[in-house]
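The structure file input-v1.txt is reproduced below (compact mmCIF, C-alpha atoms (C1' of nucleotides)).
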```
# COMPACT_ATOMS: atom_id res chain seq x y z
CA MET A 1 101.40 114.31 143.50
CA PHE A 2 100.17 110.75 143.93
CA GLU A 3 100.90 110.31 147.65
CA ALA A 4 97.44 110.79 149.12
CA PHE A 5 95.87 109.11 146.14
CA ASP A 6 98.03 106.00 146.46
CA GLU A 7 97.41 105.81 150.15
CA ASN A 8 93.69 106.06 149.56
CA ILE A 9 93.81 103.02 147.31
CA THR A 10 96.42 100.86 149.00
CA ASN A 11 94.52 101.30 152.22
CA HIS A 12 92.19 98.63 150.96
CA VAL A 13 94.39 96.37 148.87
CA SER A 14 98.08 96.02 148.20
CA LEU A 15 99.40 96.61 144.70
CA SER A 16 102.66 95.70 142.99
CA SER A 17 104.64 98.56 141.54
CA ASP A 18 103.60 97.45 138.05
CA GLU A 19 99.98 97.57 139.03
CA LEU A 20 100.40 100.93 140.65
CA ALA A 21 102.06 102.21 137.50
CA LEU A 22 99.07 101.10 135.46
CA VAL A 23 96.74 102.89 137.82
CA HIS A 24 98.80 106.06 137.53
CA GLN A 25 98.77 105.75 133.79
CA LEU A 26 95.01 105.48 133.56
CA PHE A 27 94.28 108.43 135.80
CA GLN A 28 94.71 111.74 134.07
CA HIS A 29 95.99 114.79 135.87
CA LYS A 30 93.84 117.86 135.37
CA ILE A 31 93.97 121.41 136.64
CA CYS A 32 91.11 123.85 136.35
CA ARG A 33 90.23 127.35 137.45
CA LYS A 34 87.49 128.20 139.86
CA LYS A 35 83.97 128.33 138.44
CA THR A 36 84.76 125.64 135.90
CA MET A 37 81.80 123.42 135.07
CA LEU A 38 82.97 119.81 135.33
CA LEU A 39 79.52 118.42 134.57
CA ASN A 40 76.30 119.87 133.23
CA LYS A 41 72.80 118.52 133.53
CA GLY A 42 72.00 116.33 130.56
CA GLN A 43 75.60 115.23 130.01
CA VAL A 44 76.77 111.74 130.78
CA CYS A 45 79.32 112.09 133.55
CA GLY A 46 82.59 111.10 131.95
CA PHE A 47 84.85 110.93 134.94
CA GLU A 48 85.46 109.73 138.41
CA ALA A 49 88.01 111.92 140.11
CA PHE A 50 90.19 112.17 143.17
CA ILE A 51 90.72 115.72 144.39
CA ILE A 52 94.35 116.60 145.04
CA LYS A 53 93.72 120.23 145.80
CA GLY A 54 90.79 122.58 145.66
CA CYS A 55 87.08 122.63 146.33
CA VAL A 56 84.10 121.59 144.28
CA LYS A 57 80.33 121.65 144.63
CA ARG A 58 77.81 119.18 143.30
CA TYR A 59 74.25 120.48 143.00
CA TYR A 60 71.01 120.52 141.10
CA ILE A 61 68.60 123.25 140.14
CA ASP A 62 65.17 122.93 141.72
CA HIS A 63 61.85 123.76 140.10
CA GLU A 64 62.19 127.37 141.21
CA GLY A 65 65.56 127.78 139.61
CA ASP A 66 67.60 127.72 142.80
CA GLU A 67 70.79 125.78 143.37
CA VAL A 68 70.49 122.95 145.88
CA ILE A 69 73.93 121.82 146.97
CA LEU A 70 74.28 118.12 147.65
CA GLN A 71 77.96 117.95 148.38
CA PHE A 72 81.11 119.94 148.83
CA ALA A 73 84.25 118.01 148.00
CA VAL A 74 87.76 118.98 148.98
CA GLU A 75 91.25 117.46 149.11
CA ASN A 76 91.35 113.65 149.22
CA TRP A 77 87.70 113.20 148.34
CA TRP A 78 86.33 111.26 145.45
CA LEU A 79 84.11 113.14 143.07
CA SER A 80 81.65 112.04 140.42
CA ASP A 81 77.99 111.82 139.67
CA MET A 82 77.88 108.17 140.57
CA VAL A 83 74.50 107.51 139.04
CA SER A 84 75.35 109.05 135.71
CA PHE A 85 78.87 107.68 135.60
CA THR A 86 78.23 104.08 136.50
CA GLU A 87 75.05 103.72 134.52
CA GLN A 88 76.23 105.98 131.71
CA VAL A 89 73.00 107.94 131.63
CA PRO A 90 72.49 111.71 131.39
CA SER A 91 73.06 113.48 134.66
CA LEU A 92 70.51 115.50 136.61
CA LEU A 93 73.26 117.36 138.38
CA TYR A 94 75.89 120.00 137.95
CA ILE A 95 79.44 119.81 139.21
CA GLU A 96 81.42 123.02 139.45
CA THR A 97 84.70 124.09 141.01
CA ILE A 98 84.57 126.67 143.78
CA GLU A 99 88.34 127.15 143.89
CA ASP A 100 91.18 126.45 141.48
CA THR A 101 91.29 122.69 141.58
CA GLU A 102 93.64 119.84 140.79
CA LEU A 103 92.27 116.39 140.00
CA LEU A 104 93.20 112.87 139.06
CA GLN A 105 90.43 111.57 136.87
CA ILE A 106 89.59 108.39 135.06
CA THR A 107 87.14 107.72 132.25
CA PHE A 108 84.49 105.03 132.23
CA GLN A 109 86.33 102.93 129.63
CA ASN A 110 89.60 103.18 131.48
CA LYS A 111 87.97 102.24 134.72
CA GLU A 112 86.50 99.14 133.10
CA LEU A 113 89.93 98.39 131.68
CA LEU A 114 91.46 98.85 135.08
CA PHE A 115 89.03 96.38 136.62
CA LYS A 116 89.80 93.92 133.88
CA GLU A 117 93.54 94.20 134.44
CA ILE A 118 93.40 94.36 138.22
CA PRO A 119 90.20 92.69 139.40
CA LYS A 120 90.98 93.20 143.05
CA LEU A 121 90.30 96.89 142.50
CA GLU A 122 86.61 96.02 142.21
CA ARG A 123 86.83 95.51 145.91
CA VAL A 124 88.42 98.87 146.55
CA PHE A 125 85.73 100.69 144.68
CA ARG A 126 82.97 98.66 146.26
CA LEU A 127 84.31 99.72 149.63
CA LEU A 128 84.50 103.33 148.51
CA VAL A 129 80.88 103.27 147.41
CA GLN A 130 79.86 101.65 150.65
CA ARG A 131 81.66 104.34 152.56
CA ALA A 132 79.90 107.00 150.53
CA TYR A 133 76.63 105.26 151.26
CA SER A 134 77.28 105.32 155.00
CA VAL A 135 78.09 109.00 154.95
CA LEU A 136 74.95 109.76 153.00
CA GLU A 137 72.74 107.63 155.20
CA ASN A 138 74.09 109.36 158.26
CA ARG A 139 73.51 112.74 156.76
CA PHE A 140 70.08 111.65 155.71
CA PHE A 141 68.88 110.69 159.09
CA THR A 142 70.32 113.64 160.89
CA GLY A 143 68.50 115.67 158.23
CA LEU A 144 65.24 113.96 159.08
CA THR A 145 65.22 114.76 162.76
CA ALA A 146 67.73 117.49 163.61
CA SER A 147 66.79 121.18 163.64
CA ALA A 148 68.51 123.64 161.35
CA GLU A 149 70.72 124.82 164.19
CA GLU A 150 71.79 121.28 165.03
CA ARG A 151 72.53 120.57 161.39
CA TYR A 152 74.67 123.70 161.20
CA LEU A 153 76.61 122.84 164.34
CA ASN A 154 77.10 119.36 162.96
CA PHE A 155 78.38 120.78 159.73
CA ILE A 156 81.01 123.09 161.20
CA LYS A 157 82.15 120.37 163.53
CA LYS A 158 82.59 117.90 160.69
CA TYR A 159 83.97 120.31 158.11
CA PRO A 160 85.59 123.14 160.08
CA VAL A 161 87.49 124.45 157.06
CA LEU A 162 84.57 124.83 154.71
CA PRO A 163 82.99 127.96 156.19
CA GLN A 164 86.21 129.78 155.35
CA ARG A 165 86.27 128.49 151.81
CA VAL A 166 82.63 128.57 150.79
CA PRO A 167 80.18 131.51 150.78
CA GLN A 168 77.57 131.32 153.48
CA TYR A 169 74.55 131.14 151.21
CA GLN A 170 75.94 127.97 149.67
CA ILE A 171 76.30 126.41 153.09
CA ALA A 172 72.67 127.35 153.73
CA SER A 173 71.73 125.58 150.53
CA TYR A 174 73.67 122.50 151.62
CA LEU A 175 71.85 122.52 154.95
CA GLY A 176 68.50 122.85 153.26
CA ILE A 177 67.65 126.28 154.65
CA THR A 178 67.58 129.86 153.36
CA PRO A 179 70.54 132.24 153.73
CA GLU A 180 68.45 134.42 156.03
CA ALA A 181 67.76 131.51 158.34
CA LEU A 182 71.44 130.62 158.54
CA SER A 183 72.35 134.21 159.27
CA ARG A 184 69.88 134.29 162.14
CA ILE A 185 71.15 130.98 163.50
CA ARG A 186 74.70 132.29 163.53
CA ALA A 187 73.61 135.51 165.23
CA SER A 188 71.74 133.55 167.88
CA LEU A 189 74.73 131.29 168.51
CA LEU A 190 76.97 134.32 169.01
CA ARG A 191 74.52 135.79 171.49
CA LYS A 192 74.52 132.54 173.46
CA LYS A 193 78.29 132.48 173.89
CA MET B 1 62.19 79.77 145.25
CA PHE B 2 65.39 81.06 143.69
CA GLU B 3 63.94 82.47 140.45
CA ALA B 4 63.82 86.18 141.25
CA PHE B 5 67.00 85.87 143.27
CA ASP B 6 68.92 84.27 140.42
CA GLU B 7 67.65 86.80 137.99
CA ASN B 8 68.70 89.60 140.26
CA ILE B 9 72.25 88.31 140.26
CA THR B 10 72.64 87.05 136.72
CA ASN B 11 71.38 90.38 135.52
CA HIS B 12 74.84 91.70 136.15
CA VAL B 13 77.09 88.76 135.46
CA SER B 14 76.68 85.29 134.02
CA LEU B 15 77.36 82.29 136.20
CA SER B 16 78.01 78.65 135.42
CA SER B 17 75.67 76.15 137.03
CA ASP B 18 78.44 75.15 139.43
CA GLU B 19 78.89 78.71 140.47
CA LEU B 20 75.18 79.19 140.86
CA ALA B 21 75.02 76.07 143.01
CA LEU B 22 77.68 77.50 145.28
CA VAL B 23 75.74 80.72 145.60
CA HIS B 24 72.61 78.80 146.51
CA GLN B 25 74.52 76.79 149.03
CA LEU B 26 75.88 79.84 150.81
CA PHE B 27 72.57 81.64 151.07
CA GLN B 28 70.37 80.30 153.80
CA HIS B 29 66.61 80.15 153.48
CA LYS B 30 64.76 81.66 156.41
CA ILE B 31 61.14 82.20 157.26
CA CYS B 32 59.94 84.41 160.06
CA ARG B 33 56.69 85.69 161.49
CA LYS B 34 55.63 89.29 161.49
CA LYS B 35 57.11 91.47 164.23
CA THR B 36 60.32 89.46 164.32
CA MET B 37 63.40 91.53 165.15
CA LEU B 38 66.06 90.74 162.58
CA LEU B 39 68.52 93.23 164.02
CA ASN B 40 68.75 95.18 167.24
CA LYS B 41 70.71 98.31 167.98
CA GLY B 42 74.10 97.39 169.37
CA GLN B 43 74.33 94.09 167.51
CA VAL B 44 76.68 93.58 164.61
CA CYS B 45 74.47 92.94 161.60
CA GLY B 46 75.14 89.32 160.69
CA PHE B 47 73.34 89.06 157.39
CA GLU B 48 72.70 90.46 154.01
CA ALA B 49 69.37 89.19 152.71
CA PHE B 50 67.22 89.01 149.63
CA ILE B 51 63.50 89.20 150.33
CA ILE B 52 61.50 86.49 148.61
CA LYS B 53 58.22 87.39 150.23
CA GLY B 54 57.07 89.75 152.90
CA CYS B 55 57.71 93.24 154.18
CA VAL B 56 60.31 94.65 156.53
CA LYS B 57 61.13 97.98 158.09
CA ARG B 58 64.53 99.40 158.96
CA TYR B 59 64.48 102.20 161.53
CA TYR B 60 66.16 103.88 164.44
CA ILE B 61 64.86 105.35 167.67
CA ASP B 62 65.35 109.10 168.01
CA HIS B 63 66.23 110.99 171.18
CA GLU B 64 62.55 111.24 172.05
CA GLY B 65 62.02 107.52 171.82
CA ASP B 66 60.13 107.54 168.53
CA GLU B 67 60.69 105.22 165.61
CA VAL B 68 62.10 106.88 162.53
CA ILE B 69 61.69 104.61 159.55
CA LEU B 70 64.47 104.75 157.02
CA GLN B 71 63.31 102.05 154.65
CA PHE B 72 60.56 99.63 153.85
CA ALA B 73 61.73 96.58 151.95
CA VAL B 74 59.51 94.15 150.10
CA GLU B 75 59.82 91.30 147.60
CA ASN B 76 63.01 91.32 145.51
CA TRP B 77 64.77 93.89 147.62
CA TRP B 78 68.07 93.51 149.37
CA LEU B 79 68.11 94.07 153.06
CA SER B 80 70.88 94.70 155.55
CA ASP B 81 72.38 97.38 157.69
CA MET B 82 75.13 97.99 155.22
CA VAL B 83 77.29 100.04 157.55
CA SER B 84 77.18 97.50 160.33
CA PHE B 85 77.47 94.48 158.06
CA THR B 86 80.35 95.56 155.86
CA GLU B 87 82.39 97.16 158.60
CA GLN B 88 81.34 94.62 161.24
CA VAL B 89 80.57 97.28 163.80
CA PRO B 90 77.58 97.51 166.15
CA SER B 91 74.46 98.79 164.46
CA LEU B 92 72.58 101.95 165.30
CA LEU B 93 69.44 100.57 163.71
CA TYR B 94 66.66 98.09 164.14
CA ILE B 95 65.31 95.79 161.45
CA GLU B 96 61.92 94.23 162.00
CA THR B 97 59.43 92.32 159.88
CA ILE B 98 56.03 93.89 159.26
CA GLU B 99 54.56 90.78 157.67
CA ASP B 100 55.45 87.09 157.69
CA THR B 101 58.61 87.11 155.65
CA GLU B 102 60.78 84.74 153.66
CA LEU B 103 64.43 85.52 153.11
CA LEU B 104 67.61 84.25 151.56
CA GLN B 105 70.46 85.40 153.72
CA ILE B 106 74.21 85.19 153.78
CA THR B 107 76.69 85.72 156.59
CA PHE B 108 79.70 87.98 156.46
CA GLN B 109 82.15 85.07 156.37
CA ASN B 110 80.23 83.30 153.65
CA LYS B 111 80.07 86.44 151.60
CA GLU B 112 83.82 86.83 151.84
CA LEU B 113 84.17 83.19 150.88
CA LEU B 114 81.86 83.73 147.96
CA PHE B 115 83.94 86.62 146.71
CA LYS B 116 87.06 84.53 147.03
CA GLU B 117 85.56 81.68 145.04
CA ILE B 118 83.77 83.84 142.47
CA PRO B 119 85.56 87.19 142.26
CA LYS B 120 83.29 88.51 139.56
CA LEU B 121 80.57 88.72 142.17
CA GLU B 122 82.46 91.67 143.64
CA ARG B 123 81.16 93.47 140.63
CA VAL B 124 77.56 92.45 141.21
CA PHE B 125 77.62 93.69 144.75
CA ARG B 126 79.40 96.87 143.83
CA LEU B 127 76.60 97.56 141.37
CA LEU B 128 73.99 96.77 143.99
CA VAL B 129 75.54 99.19 146.43
CA GLN B 130 75.70 101.82 143.74
CA ARG B 131 72.05 101.29 143.00
CA ALA B 132 71.21 101.63 146.67
CA TYR B 133 73.25 104.80 146.73
CA SER B 134 71.33 106.26 143.79
CA VAL B 135 68.00 105.52 145.43
CA LEU B 136 69.13 107.09 148.67
CA GLU B 137 70.53 110.16 146.99
CA ASN B 138 67.29 110.65 145.12
CA ARG B 139 65.27 110.32 148.23
CA PHE B 140 67.63 112.63 150.01
CA PHE B 141 67.26 115.45 147.64
CA THR B 142 63.55 115.23 147.28
CA GLY B 143 63.55 115.34 151.08
CA LEU B 144 65.58 118.54 151.02
CA THR B 145 63.25 120.55 148.83
CA ALA B 146 59.86 118.90 148.44
CA SER B 147 56.94 119.67 150.75
CA ALA B 148 55.34 116.94 152.81
CA GLU B 149 52.53 116.66 150.28
CA GLU B 150 54.93 116.26 147.38
CA ARG B 151 56.89 113.65 149.28
CA TYR B 152 53.71 111.73 149.96
CA LEU B 153 52.59 111.86 146.33
CA ASN B 154 56.04 110.73 145.35
CA PHE B 155 55.86 107.86 147.77
CA ILE B 156 52.53 106.45 146.62
CA LYS B 157 53.60 106.81 143.02
CA LYS B 158 56.80 104.92 143.62
CA TYR B 159 55.44 102.30 146.00
CA PRO B 160 51.72 102.00 145.28
CA VAL B 161 51.37 98.73 147.20
CA LEU B 162 52.86 99.89 150.47
CA PRO B 163 49.93 101.98 151.74
CA GLN B 164 47.87 98.80 151.73
CA ARG B 165 50.49 96.83 153.58
CA VAL B 166 51.83 99.32 156.09
CA PRO B 167 49.95 101.35 158.74
CA GLN B 168 49.67 105.01 157.95
CA TYR B 169 51.60 106.26 160.95
CA GLN B 170 54.63 104.30 159.77
CA ILE B 171 54.41 105.89 156.38
CA ALA B 172 54.28 109.25 158.12
CA SER B 173 57.45 108.32 159.96
CA TYR B 174 59.12 107.34 156.71
CA LEU B 175 58.15 110.68 155.19
CA GLY B 176 59.49 112.55 158.20
CA ILE B 177 56.17 113.99 159.34
CA THR B 178 53.64 113.29 162.10
CA PRO B 179 50.65 110.99 161.60
CA GLU B 180 48.35 113.98 162.04
CA ALA B 181 50.08 115.87 159.27
CA LEU B 182 49.76 112.93 156.90
CA SER B 183 46.10 112.52 157.74
CA ARG B 184 45.47 116.16 156.89
CA ILE B 185 47.40 115.90 153.66
CA ARG B 186 45.29 112.95 152.60
CA ALA B 187 42.09 114.76 153.52
CA SER B 188 43.16 117.78 151.53
CA LEU B 189 44.04 115.65 148.50
CA LEU B 190 40.60 114.04 148.59
CA ARG B 191 38.95 117.45 148.73
CA LYS B 192 40.90 118.57 145.68
CA LYS B 193 39.76 115.69 143.51
C1' DC C 1 83.49 155.56 141.35
C1' DG C 2 79.31 152.65 140.86
C1' DC C 3 77.58 148.21 140.59
C1' DG C 4 76.65 143.57 141.90
C1' DA C 5 77.30 139.99 145.24
C1' DC C 6 76.78 138.89 149.90
C1' DG C 7 75.27 139.07 154.65
C1' DT C 8 72.18 141.03 158.10
C1' DT C 9 67.85 142.48 160.15
C1' DG C 10 62.78 143.31 160.46
C1' DA C 11 57.79 142.18 159.51
C1' DT C 12 54.68 138.92 158.05
C1' DT C 13 53.17 134.37 156.57
C1' DT C 14 52.99 129.50 156.44
C1' DG C 15 53.74 124.57 156.95
C1' DC C 16 54.08 121.45 160.17
C1' DC C 17 54.19 120.20 165.22
C1' DT C 18 52.09 119.57 169.72
C1' DC C 19 48.42 118.64 172.59
C1' DA C 20 43.88 117.11 173.10
C1' DA C 21 39.55 114.99 172.13
C1' DC C 22 36.88 111.81 169.62
C1' DG C 23 35.09 107.94 166.29
C1' DA C 24 36.04 103.45 164.13
C1' DT C 25 38.00 99.05 164.15
C1' DT C 26 40.14 95.08 166.08
C1' DG C 27 41.33 92.00 169.53
C1' DT C 28 40.63 89.88 174.14
C1' DG C 29 38.97 88.09 178.45
C1' DG C 30 34.99 87.16 181.15
C1' DC D 1 28.65 87.09 172.68
C1' DC D 2 29.29 91.23 174.83
C1' DA D 3 32.20 94.65 177.40
C1' DC D 4 36.37 96.73 177.37
C1' DA D 5 40.82 98.18 176.09
C1' DA D 6 44.08 99.11 172.70
C1' DT D 7 45.27 100.68 168.24
C1' DC D 8 44.69 103.68 164.55
C1' DG D 9 43.04 107.51 161.91
C1' DT D 10 40.77 112.02 161.99
C1' DT D 11 39.82 116.73 163.43
C1' DG D 12 40.41 121.13 166.04
C1' DA D 13 43.13 124.81 168.47
C1' DG D 14 47.28 127.02 169.34
C1' DG D 15 52.33 127.53 168.80
C1' DC D 16 56.81 127.73 166.67
C1' DA D 17 60.59 127.31 163.35
C1' DA D 18 61.73 128.61 159.11
C1' DA D 19 60.13 130.73 154.61
C1' DT D 20 59.09 134.85 152.21
C1' DC D 21 59.37 139.60 151.13
C1' DA D 22 61.72 143.76 151.69
C1' DA D 23 65.14 147.11 153.03
C1' DC D 24 69.77 148.20 154.08
C1' DG D 25 75.01 148.06 154.92
C1' DT D 26 79.43 146.40 153.35
C1' DC D 27 82.81 144.81 150.54
C1' DG D 28 85.39 143.72 146.32
C1' DC D 29 85.95 144.59 141.61
C1' DG D 30 85.44 146.17 136.69
```
Conversion result in structure tokens:
Amino acid sequence: MFEAFDENITNHVSLSSDELALVHQLFQHKICRKKTMLLNKGQVCGFEAFIIKGCVKRYYIDHEGDEVILQFAVENWWLSDMVSFTEQVPSLLYIETIEDTELLQITFQNKELLFKEIPKLERVFRLLVQRAYSVLENRFFTGLTASAEERYLNFIKKYPVLPQRVPQYQIASYLGITPEALSRIRASLLRKK
Amino acid sequence: MFEAFDENITNHVSLSSDELALVHQLFQHKICRKKTMLLNKGQVCGFEAFIIKGCVKRYYIDHEGDEVILQFAVENWWLSDMVSFTEQVPSLLYIETIEDTELLQITFQNKELLFKEIPKLERVFRLLVQRAYSVLENRFFTGLTASAEERYLNFIKKYPVLPQRVPQYQIASYLGITPEALSRIRASLLRKK
DNA sequence: CGCGACGTTGATTTGCCTCAACGATTGTGG
DNA sequence: CCACAATCGTTGAGGCAAATCAACGTCGCG
């Protein structure tokens, strides 16, 4: 159960078996069905989680009442509302499972405790945040210049499994376009081939 | 010279005067004229800097040869190409001063040294990265849904000084629109009032 | 079966881009 | 000090990508 998780952490820093045991102890194993709300707008995000299995979306509701999907997260991804979690303020976002999902999650207090016991983990999590920042910045500037078609091609290249796991209108939302537009893009790509 | 800088750091963690002295020693004071290139595409970003005075832009050149501005940074902001700096890989970006600018900057080696000497600073920089992440995520999702006019209104509300310090076509670039479009938006806003 | 969720397709509209021309301002060399 | 160019912002005309609105087919499920 912990293999990928351990690897993800010891990638960045080596831990004694005692230390690793403490880590395991502070992360709680959780299983939930699809369509479970893990976080609602207005709640303080109480967890940071590593996804062992499943698929999750993170989104907000815009002023017209539509879902805008910021992120899909699958196996071996970290999941949280970083803003809400680290600053312990109410979230603006929703987090919801798309499939039955298995997580390892830690609370804010336990994460603080973990840092106190094993300070070198500060480094690991700083690197994780930096990585997340890079990914976001990349996505941001392809979003600024690329056309919808390019963004879609980019998406399926980067996440080839997601189209099979996520309904198309949610992918459209992630790409920042309407479902109709995505449908037409796909049709036009088929015609080209 | 160090007031705002010190405050920015001791906000998150308290330091002894010895520790603070070490920090000061490892950050180098630098002054440069406007239009100085601080980073070129292809270089490994050698610094992380705190802006004491001045204004800087961070941008890349798109496939049509146009500047796309990702960030303006002014007094009391941190500045770096985080991806390039932390992973020590060649940058895709340019960083250039818009005004005469005064910086406190640290090298990669010295930052590592700093962390080794004062591990609790890992925490400070983790929090800084997280803050940067929040800002970016916010900007990202207003970019996904908001119209150009909304983005502009947002911008002047958030950074009321920048329109006086930065030419309008660069603001347009930052907002992801053409200078013409921004000009029209401004004209239309004036008409409304 | 019948209903709702999802994807497709068509017609129309719209927000922003592109291209082009034109003032206003600033800087520069003669 | 003026002539000239360069830079910047504005305005107009036309075009295009994607949004909106609407209708329809298909599939899975209570």
Legend entry - CA of Phe47 (chain A) to CA of Phe85 (chain A), distance in Å rounded to a single decimal: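 Going from CA of Phe47 (chain A) over to CA of Phe85 (chain A) covers 6.8 Å.
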Inset, instruction - Quote the spacing between CA of Ile95 (chain A) and CA of Asn40 (chain A) in Å to one decimal place. - result: 6.8 Å
Legend entry - Atomic separation - CA of Ile106 (chain A) relative to CA of Ala21 (chain A), Å: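 For CA of Ala21 (chain A) relative to CA of Ile106 (chain A), the distance reads 14.1 Å.
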Legend entry - Interface list for chain A, partner chain D, 8 Å threshold, only C-alpha atoms (C1' of nucleotides), as a PyMOL selection string: chain A and resi 177-178+181
Legend entry - Contact residues around region 141-151 of chain A with all atoms listed in the file at 7 Å, ignoring same-chain residues under 6 positions, as a list in words: Leu175 and Ile185 of chain A; Gly176 of chain B
